[in-house]
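Colleague: Got a file for you: start_25.txt, compact mmCIF, C-alpha atoms.
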# COMPACT_ATOMS: atom_id res chain seq x y z
CA MET A 1 123.13 136.28 103.90
CA THR A 2 121.79 134.23 101.04
CA HIS A 3 118.64 135.72 99.53
CA PRO A 4 115.63 133.54 100.42
CA LEU A 5 114.62 133.27 96.76
CA ARG A 6 118.08 132.01 95.89
CA LYS A 7 117.88 129.41 98.64
CA HIS A 8 114.50 128.37 97.28
CA ILE A 9 115.64 128.12 93.64
CA GLU A 10 118.81 126.29 94.62
CA GLU A 11 116.78 123.47 96.11
CA ILE A 12 116.31 122.48 92.47
CA ILE A 13 119.09 124.06 90.38
CA SER A 14 122.32 125.88 91.27
CA LEU A 15 123.08 129.44 90.23
CA THR A 16 126.20 131.61 90.17
CA ASP A 17 126.00 135.03 91.89
CA GLU A 18 125.76 136.64 88.51
CA GLU A 19 122.97 134.34 87.40
CA PHE A 20 120.99 134.90 90.56
CA ASN A 21 121.30 138.68 90.26
CA PHE A 22 120.09 138.40 86.68
CA VAL A 23 117.12 136.29 87.82
CA LEU A 24 116.31 138.69 90.66
CA SER A 25 116.41 141.69 88.32
CA HIS A 26 113.24 140.28 86.70
CA PHE A 27 111.31 140.55 89.98
CA GLU A 28 109.73 143.41 91.91
CA GLN A 29 109.00 143.41 95.63
CA ILE A 30 105.77 144.57 97.31
CA LYS A 31 104.21 144.64 100.73
CA LYS A 32 100.52 144.03 101.34
CA ARG A 33 98.49 144.38 104.50
CA LYS A 34 96.15 141.77 105.91
CA HIS A 35 92.85 141.75 103.92
CA GLN A 36 94.40 143.39 100.85
CA TYR A 37 94.17 141.45 97.61
CA ILE A 38 96.69 140.64 94.90
CA VAL A 39 94.29 138.99 92.43
CA GLN A 40 90.64 139.81 91.86
CA GLU A 41 88.18 137.51 90.13
CA GLY A 42 87.47 138.79 86.62
CA GLU A 43 90.78 140.55 85.97
CA ILE A 44 93.54 139.31 83.70
CA VAL A 45 96.44 138.33 85.92
CA ASP A 46 99.84 139.48 84.77
CA LYS A 47 101.99 138.42 87.73
CA GLU A 48 103.14 135.30 89.49
CA TYR A 49 103.93 135.85 93.17
CA TRP A 50 106.48 134.27 95.45
CA ILE A 51 105.81 134.63 99.15
CA ILE A 52 108.76 135.95 101.18
CA LYS A 53 106.65 136.34 104.31
CA GLY A 54 102.96 136.07 105.09
CA CYS A 55 99.95 133.96 104.36
CA LEU A 56 97.42 134.16 101.50
CA LYS A 57 94.35 132.35 100.26
CA SER A 58 93.13 131.70 96.74
CA TYR A 59 89.35 131.34 96.64
CA PHE A 60 86.10 131.89 94.81
CA VAL A 61 82.60 132.71 95.94
CA ASP A 62 79.79 130.52 94.60
CA ASP A 63 76.31 131.61 93.49
CA THR A 64 74.95 131.24 97.01
CA GLY A 65 77.66 133.56 98.40
CA LYS A 66 79.64 130.73 99.98
CA GLU A 67 83.43 131.03 99.90
CA HIS A 68 85.48 128.05 98.72
CA ILE A 69 89.21 128.08 99.34
CA LEU A 70 91.23 126.50 96.55
CA GLN A 71 94.69 126.93 97.98
CA PHE A 72 96.64 128.56 100.79
CA GLY A 73 100.05 130.13 100.30
CA MET A 74 102.80 130.72 102.83
CA GLU A 75 106.55 131.37 102.87
CA ASN A 76 108.35 129.94 99.80
CA TRP A 77 105.15 129.20 97.89
CA TRP A 78 104.32 130.49 94.43
CA ILE A 79 100.81 131.76 93.96
CA THR A 80 98.66 133.27 91.23
CA ASP A 81 95.65 132.30 89.13
CA TYR A 82 97.56 130.07 86.73
CA GLU A 83 94.85 129.84 84.11
CA SER A 84 94.61 133.61 83.87
CA PHE A 85 98.40 134.05 84.01
CA VAL A 86 99.21 131.42 81.38
CA LYS A 87 96.30 131.93 78.98
CA GLN A 88 95.76 135.65 79.69
CA THR A 89 92.08 135.05 80.32
CA LYS A 90 89.90 136.41 83.13
CA SER A 91 90.73 135.06 86.56
CA LYS A 92 88.17 132.66 88.08
CA THR A 93 89.66 133.12 91.54
CA SER A 94 90.65 135.90 93.92
CA ILE A 95 93.75 135.96 96.13
CA ASP A 96 93.78 137.86 99.45
CA CYS A 97 96.33 138.29 102.22
CA ILE A 98 95.36 136.56 105.47
CA GLU A 99 98.36 138.22 107.18
CA ASP A 100 100.55 141.22 106.36
CA SER A 101 102.66 139.84 103.52
CA GLU A 102 105.88 140.54 101.66
CA LEU A 103 105.95 139.27 98.13
CA LEU A 104 108.16 139.12 95.08
CA TYR A 105 106.44 139.08 91.73
CA ILE A 106 107.43 138.47 88.15
CA SER A 107 105.40 139.64 85.18
CA PHE A 108 104.25 137.26 82.46
CA GLU A 109 106.60 138.94 79.97
CA ASN A 110 109.62 138.81 82.28
CA ARG A 111 109.01 135.19 83.17
CA ASP A 112 108.73 134.30 79.51
CA LYS A 113 111.93 136.19 78.64
CA LEU A 114 113.81 134.73 81.58
CA THR A 115 112.84 131.13 80.88
CA ALA A 116 113.59 131.56 77.15
CA GLN A 117 117.07 132.86 77.99
CA MET A 118 117.94 130.60 80.88
CA HIS A 119 117.37 126.88 80.48
CA LYS A 120 118.00 126.43 84.21
CA MET A 121 115.09 128.67 85.15
CA GLU A 122 112.85 126.90 82.64
CA ARG A 123 113.82 123.68 84.40
CA PHE A 124 113.20 125.19 87.81
CA TRP A 125 109.66 126.32 86.97
CA ALA A 126 108.94 123.14 85.05
CA LYS A 127 109.68 121.24 88.26
CA LYS A 128 107.55 123.63 90.33
CA SER A 129 104.73 123.29 87.84
CA LYS A 130 104.90 119.49 88.05
CA MET A 131 104.75 119.65 91.84
CA GLY A 132 101.79 122.03 91.65
CA ARG A 133 100.04 119.63 89.32
CA ILE A 134 100.65 116.75 91.72
CA SER A 135 99.27 118.68 94.65
CA LEU A 136 96.13 119.52 92.63
CA GLN A 137 95.76 115.89 91.57
CA ASN A 138 95.86 114.85 95.22
CA ARG A 139 93.25 117.43 96.05
CA ILE A 140 90.99 115.97 93.34
CA LEU A 141 91.53 112.40 94.53
CA SER A 142 90.73 113.60 98.01
CA LEU A 143 87.58 115.45 96.88
CA LEU A 144 86.35 112.45 94.88
CA LYS A 145 86.89 110.00 97.71
CA ASN A 146 84.84 112.48 99.65
CA SER A 147 86.03 111.63 103.14
CA THR A 148 86.32 114.81 105.20
CA LYS A 149 88.86 113.16 107.49
CA GLU A 150 91.14 112.39 104.54
CA ARG A 151 90.82 115.93 103.24
CA TYR A 152 91.70 117.25 106.66
CA ASP A 153 94.76 115.00 106.90
CA LEU A 154 95.95 115.98 103.45
CA LEU A 155 95.68 119.65 104.36
CA LEU A 156 97.65 119.04 107.54
CA GLU A 157 100.30 117.20 105.55
CA GLN A 158 100.54 119.93 102.91
CA TYR A 159 100.52 122.89 105.28
CA PRO A 160 101.56 121.69 108.75
CA LYS A 161 101.91 125.25 110.12
CA LEU A 162 98.64 126.50 108.72
CA PHE A 163 96.47 125.42 111.62
CA GLN A 164 98.17 127.86 113.97
CA ARG A 165 97.95 130.72 111.51
CA VAL A 166 94.49 130.87 109.97
CA PRO A 167 91.01 131.08 111.46
CA LYS A 168 89.09 127.81 111.77
CA LYS A 169 86.41 129.10 109.42
CA MET A 170 88.99 129.19 106.60
CA ILE A 171 90.06 125.61 107.25
CA ALA A 172 86.35 124.74 107.02
CA ALA A 173 86.03 126.72 103.75
CA TYR A 174 88.94 124.77 102.31
CA LEU A 175 87.50 121.43 103.36
CA GLY A 176 83.98 122.36 102.32
CA VAL A 177 82.51 121.52 105.73
CA SER A 178 80.79 123.43 108.52
CA ARG A 179 82.68 124.76 111.56
CA GLU A 180 80.90 122.13 113.65
CA THR A 181 82.12 119.22 111.52
CA LEU A 182 85.61 120.68 111.65
CA SER A 183 85.54 120.81 115.46
CA ARG A 184 84.74 117.11 115.56
CA LEU A 185 87.76 116.32 113.33
CA ASN A 186 89.94 118.50 115.51
CA SER A 187 89.22 116.79 118.77
CA MET B 1 103.98 112.63 56.09
CA THR B 2 104.79 114.55 59.25
CA HIS B 3 104.95 112.32 62.32
CA PRO B 4 101.93 113.02 64.58
CA LEU B 5 104.20 113.60 67.60
CA ARG B 6 106.17 116.18 65.63
CA LYS B 7 102.95 117.95 64.66
CA HIS B 8 101.94 117.93 68.31
CA ILE B 9 105.26 119.26 69.61
CA GLU B 10 105.43 121.90 66.90
CA GLU B 11 102.20 123.44 68.14
CA ILE B 12 104.47 124.86 70.87
CA ILE B 13 108.08 124.84 69.62
CA SER B 14 109.66 124.20 66.21
CA LEU B 15 112.16 121.44 65.53
CA THR B 16 114.56 120.62 62.70
CA ASP B 17 114.36 117.11 61.19
CA GLU B 18 117.49 116.20 63.08
CA GLU B 19 116.12 117.48 66.37
CA PHE B 20 112.85 115.63 65.94
CA ASN B 21 114.63 112.37 65.15
CA PHE B 22 116.73 112.86 68.26
CA VAL B 23 113.56 113.46 70.33
CA LEU B 24 111.81 110.44 68.82
CA SER B 25 114.81 108.21 69.55
CA HIS B 26 113.96 108.62 73.26
CA PHE B 27 110.51 107.04 72.79
CA GLU B 28 109.24 103.50 72.32
CA GLN B 29 105.97 102.51 70.67
CA ILE B 30 103.47 99.97 72.01
CA LYS B 31 100.00 98.67 71.19
CA LYS B 32 97.48 97.76 73.84
CA ARG B 33 94.09 96.08 73.49
CA LYS B 34 90.86 97.34 74.99
CA HIS B 35 90.74 96.51 78.74
CA GLN B 36 94.54 96.19 79.02
CA TYR B 37 96.26 98.49 81.50
CA ILE B 38 99.35 100.66 81.27
CA VAL B 39 99.49 101.73 84.94
CA GLN B 40 98.39 99.76 87.99
CA GLU B 41 97.68 101.29 91.38
CA GLY B 42 100.54 100.55 93.78
CA GLU B 43 103.33 100.28 91.22
CA ILE B 44 106.06 102.86 90.63
CA VAL B 45 105.41 104.38 87.25
CA ASP B 46 108.45 104.80 85.05
CA LYS B 47 106.81 105.99 81.83
CA GLU B 48 104.88 108.91 80.47
CA TYR B 49 102.59 108.01 77.57
CA TRP B 50 101.50 109.95 74.53
CA ILE B 51 98.40 108.66 72.78
CA ILE B 52 98.77 108.18 69.03
CA LYS B 53 95.40 106.44 68.74
CA GLY B 54 92.85 105.18 71.23
CA CYS B 55 91.13 106.14 74.43
CA LEU B 56 92.17 105.57 78.05
CA LYS B 57 90.93 106.32 81.54
CA SER B 58 92.85 107.14 84.69
CA TYR B 59 90.91 106.09 87.81
CA PHE B 60 90.91 104.74 91.31
CA VAL B 61 88.56 102.47 93.22
CA ASP B 62 87.39 103.69 96.62
CA ASP B 63 86.92 101.64 99.78
CA THR B 64 83.33 100.81 98.84
CA GLY B 65 84.46 99.44 95.47
CA LYS B 66 83.18 102.43 93.51
CA GLU B 67 85.25 103.57 90.54
CA HIS B 68 86.13 107.28 90.22
CA ILE B 69 87.52 108.51 86.93
CA LEU B 70 90.15 111.21 87.31
CA GLN B 71 90.91 111.83 83.66
CA PHE B 72 90.29 110.52 80.17
CA GLY B 73 92.97 110.43 77.49
CA MET B 74 92.57 110.44 73.72
CA GLU B 75 94.66 111.21 70.64
CA ASN B 76 97.43 113.77 71.33
CA TRP B 77 97.06 113.63 75.13
CA TRP B 78 99.84 112.80 77.56
CA ILE B 79 98.91 110.43 80.33
CA THR B 80 100.54 108.78 83.34
CA ASP B 81 100.30 108.97 87.13
CA TYR B 82 102.34 112.17 87.51
CA GLU B 83 102.95 111.87 91.21
CA SER B 84 104.39 108.41 90.83
CA PHE B 85 106.33 109.37 87.68
CA VAL B 86 107.84 112.57 89.11
CA LYS B 87 108.45 111.46 92.70
CA GLN B 88 108.99 107.74 91.98
CA THR B 89 106.41 106.82 94.60
CA LYS B 90 103.62 104.24 94.39
CA SER B 91 100.84 105.14 91.97
CA LYS B 92 97.50 106.09 93.52
CA THR B 93 95.70 105.57 90.21
CA SER B 94 95.35 102.95 87.50
CA ILE B 95 95.20 103.62 83.76
CA ASP B 96 93.31 101.27 81.42
CA CYS B 97 92.58 101.29 77.70
CA ILE B 98 88.91 101.88 76.85
CA GLU B 99 89.68 101.16 73.18
CA ASP B 100 92.53 99.39 71.37
CA SER B 101 95.29 101.96 71.67
CA GLU B 102 98.63 102.86 70.10
CA LEU B 103 100.97 104.71 72.40
CA LEU B 104 104.41 106.24 72.49
CA TYR B 105 106.15 106.28 75.84
CA ILE B 106 109.24 107.86 77.29
CA SER B 107 111.00 106.61 80.42
CA PHE B 108 111.67 108.88 83.39
CA GLU B 109 115.41 108.69 82.71
CA ASN B 110 115.06 109.48 79.01
CA ARG B 111 112.74 112.38 79.65
CA ASP B 112 115.14 113.79 82.19
CA LYS B 113 118.12 113.41 79.84
CA LEU B 114 116.22 114.87 76.90
CA THR B 115 114.96 117.93 78.78
CA ALA B 116 118.42 118.53 80.31
CA GLN B 117 120.00 118.46 76.85
CA MET B 118 117.32 120.29 74.90
CA HIS B 119 115.98 123.52 76.30
CA LYS B 120 113.23 123.47 73.68
CA MET B 121 111.85 120.18 74.98
CA GLU B 122 112.04 121.46 78.56
CA ARG B 123 109.98 124.41 77.37
CA PHE B 124 107.53 122.15 75.54
CA TRP B 125 106.85 119.98 78.59
CA ALA B 126 106.81 122.97 80.91
CA LYS B 127 103.98 124.36 78.80
CA LYS B 128 102.16 121.01 78.79
CA SER B 129 102.57 120.75 82.54
CA LYS B 130 101.10 124.23 83.00
CA MET B 131 98.12 123.28 80.85
CA GLY B 132 97.66 120.07 82.82
CA ARG B 133 97.70 122.06 86.03
CA ILE B 134 95.09 124.45 84.68
CA SER B 135 92.82 121.62 83.66
CA LEU B 136 93.13 120.10 87.15
CA GLN B 137 92.43 123.47 88.75
CA ASN B 138 89.25 123.75 86.71
CA ARG B 139 88.23 120.27 87.76
CA ILE B 140 88.68 121.29 91.42
CA LEU B 141 86.71 124.51 90.96
CA SER B 142 84.03 122.45 89.32
CA LEU B 143 84.02 119.83 92.09
CA LEU B 144 83.87 122.50 94.81
CA LYS B 145 81.02 124.38 93.16
CA ASN B 146 79.37 121.01 93.17
CA SER B 147 76.97 121.55 90.30
CA THR B 148 76.65 118.38 88.28
CA LYS B 149 75.52 120.37 85.25
CA GLU B 150 78.72 122.48 85.34
CA ARG B 151 80.86 119.39 85.70
CA TYR B 152 79.08 117.87 82.74
CA ASP B 153 79.61 121.00 80.64
CA LEU B 154 83.30 121.18 81.53
CA LEU B 155 83.76 117.56 80.51
CA LEU B 156 82.02 118.25 77.22
CA GLU B 157 84.26 121.26 76.65
CA GLN B 158 87.45 119.37 77.51
CA TYR B 159 86.65 116.22 75.59
CA PRO B 160 84.04 117.04 72.94
CA LYS B 161 84.42 113.68 71.17
CA LEU B 162 84.33 111.61 74.31
CA PHE B 163 80.57 111.26 74.49
CA GLN B 164 80.48 109.21 71.30
CA ARG B 165 83.34 106.98 72.37
CA VAL B 166 82.85 105.86 75.94
CA PRO B 167 80.00 104.10 77.75
CA LYS B 168 77.60 106.32 79.69
CA LYS B 169 78.57 104.60 82.94
CA MET B 170 82.10 106.00 82.57
CA ILE B 171 80.83 109.53 82.05
CA ALA B 172 78.83 109.02 85.24
CA ALA B 173 81.96 107.70 87.06
CA TYR B 174 83.84 110.83 86.01
CA LEU B 175 81.07 113.14 87.15
CA GLY B 176 80.44 111.19 90.34
CA VAL B 177 76.73 110.77 89.61
CA SER B 178 74.37 107.88 88.94
CA ARG B 179 73.43 106.79 85.41
CA GLU B 180 69.92 108.13 86.08
CA THR B 181 71.15 111.63 86.95
CA LEU B 182 73.33 111.55 83.85
CA SER B 183 70.35 110.69 81.64
CA ARG B 184 68.52 113.75 82.92
CA LEU B 185 71.52 115.98 82.03
CA ASN B 186 71.72 114.39 78.61
CA SER B 187 68.19 115.05 77.54
Let me see the structure of the file written as structure tokens.

Modeller:
Amino acid sequence: MTHPLRKHIEEIISLTDEEFNFVLSHFEQIKKRKHQYIVQEGEIVDKEYWIIKGCLKSYFVDDTGKEHILQFGMENWWITDYESFVKQTKSKTSIDCIEDSELLYISFENRDKLTAQMHKMERFWAKKSKMGRISLQNRILSLLKNSTKERYDLLLEQYPKLFQRVPKKMIAAYLGVSRETLSRLNS
Amino acid sequence: MTHPLRKHIEEIISLTDEEFNFVLSHFEQIKKRKHQYIVQEGEIVDKEYWIIKGCLKSYFVDDTGKEHILQFGMENWWITDYESFVKQTKSKTSIDCIEDSELLYISFENRDKLTAQMHKMERFWAKKSKMGRISLQNRILSLLKNSTKERYDLLLEQYPKLFQRVPKKMIAAYLGVSRETLSRLNS
């Protein structure tokens, strides 16, 4: 059976068996239980994660104690605090598991070595990074336009399966609305 | 004198004279006057721009006719509608010159050819793309936290020279506040 990471990478570039094994040798695998974290606000993040199985949220808590969800992650998504990972500064966000999760991770050093050695993997992550940037740009456009309905629709478009998997209060925390407003959009 | 684009690229990777000339051969140069556009909402964007000189804004107009500024661009910044450029879909934003501007641009096809041939340039743009993503993530964090003062400070940090160059009403359109609120932050 083809490794799920290989399937994922080969949506963008193709790899020989040897190349894929070399790529995979730069990763480690971990399991996390629901409610466990992989990134904590304030730490310097040294790993980028790829989700084999499970569901995660990237979020921060504001001065009033309110949680804001920046991003969800599910199967085949990459997740980390990119500012912390790339600049090696303190993370502004936390990332928790919403479900029991199986993850692959690559360290900053290994990712840097791998992309320096393999043009194809540089190209793969460059493409992923572009797509991540686009999804953030759409989130900004959506936030600026400030229509809750549009934000809801964009979320549904980005993560069609999410609505069956996460509690309503998290959808509300992503949209920045109350549970009551969310119920009205739902109906 | 070193070409400004070479100086810019060599902040991340180093190039021989021959390599830089090869890179530069993929670009074209244009001049635009204040108020002219380089990207119009609804068109498919085929170029990524690098600003030699000048100042630009990327924006959209909402259903009520209100302008929202997504991003400013000044010397040494890359600018385009990335979703349209990468996915070849219709642009959701427009980009206009706020000052007379001199730009280099590279077509989608040329950028793809260049990055496929030159690992170093793939690496350069991958890094730029990561930084772009980080700056968008910070804008989202800032929008979600919803403190105008924080948004103002982030803008000042990202574009320290901007405040001398663009009209106050554009700063307000970026922050999503009225001119009056802006004046209070200013003082």

Colleague: With a cut-off of 9 Å and counting all atoms listed in the file, select all residues of chain A in contact with chain B and give the selection as a ChimeraX atom specification.

Modeller: /A:60-63,68-70,82-83,86,92,115-116,118-120,122-123,125-127,129-141,143-145,176

Colleague: So, with only C-alpha atoms as the atoms that count, which of A:Gln158, A:Asn110, A:Ser94, A:Glu99 lies closest to Trp77 (chain A)?

Modeller: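 Once distances to Trp77 (chain A) are computed over only C-alpha atoms, the minimum belongs to A:Gln158.
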
Colleague: So that all listed atoms of region 77-92 of chain B fit with 8 Å spare on each side, what axis-aligned box centre and edge lengths in Å, to one decimal, would you give as lines of an AutoDock Vina configuration file?

Modeller:
center_x = 103.0
center_y = 108.9
center_z = 84.9
size_x = 27.9
size_y = 25.4
size_z = 35.5

Colleague: I'd like the neighbourhood of region 159-169 of chain B as a list in words, where a residue qualifies if any of its atoms comes within 8 Å (using only C-alpha atoms), though same-chain residues fewer than 2 positions away should be ignored.

Modeller: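 Returned residues: Ile98, Leu155, Leu156, Glu157, Ile171, Ala172, Ala173, Arg179 and Leu182 of chain B.
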
Colleague: Which value, in Å to one decimal, gives the distance between CA of Leu104 (chain B) and CA of Trp50 (chain B)?

Modeller: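 Distance between the two atoms: 5.1 Å.
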
Colleague: Got a sec: who's within 9 Å of Glu48 (chain A), counting all atoms listed in the file, leaving out chain neighbours fewer than 3 positions off, as a list in words?

Modeller: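 Here the answer would be Val45, Trp78, Ile79, Thr80, Asp81, Tyr82, Phe85, Leu104, Tyr105, Ile106, Ser107, Phe108 and Arg111 of chain A.
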
Colleague: Just give me the residues with any atom within 6 Å of (96.6, 106.5, 68.6), file coordinates, counting all atoms listed in the file, written as a ChimeraX atom specification.

Modeller: /B:51-54,75,101-102

Colleague: Using all atoms listed in the file for the distances, tell me which of A:Val177, A:Val39, A:Ile95, A:Ile9 is nearest to Leu24 (chain A).

Modeller: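 For Leu24 (chain A), the nearest of the given residues is A:Ile9.
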
Colleague: Dig up all the protein and nucleic acid residues within 12 Å of (87.4, 116.7, 115.3) in the file frame, using only C-alpha atoms, and format them as number ranges by chain.

Modeller: A: 148-149, 152-153, 168, 172, 177-187

Colleague: Under the rule that all atoms listed in the file are counted, which of A:Leu114, A:Asn76, A:Glu109, A:Glu150 is the nearest residue to Phe22 (chain A)?

Modeller: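 So, comparing all the options, the nearest one is A:Leu114.
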
Colleague: Of the candidates B:Cys97, B:Thr2, B:Glu19, B:Ile12, which one gets nearest to Arg33 (chain B) if we count all atoms listed in the file?

Modeller: B:Cys97

Colleague: One decimal, in Å: what's the spacing between CA of Glu41 (chain A) and CA of Ser91 (chain A)?

Modeller: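 Straight-line distance from CA of Glu41 (chain A) to CA of Ser91 (chain A) works out to 5.0 Å.
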
Colleague: Report, in Å to a single decimal, how far apart CA of Tyr49 (chain A) and CA of Thr16 (chain A) are.

Modeller: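 These atoms are spaced 22.9 Å apart.
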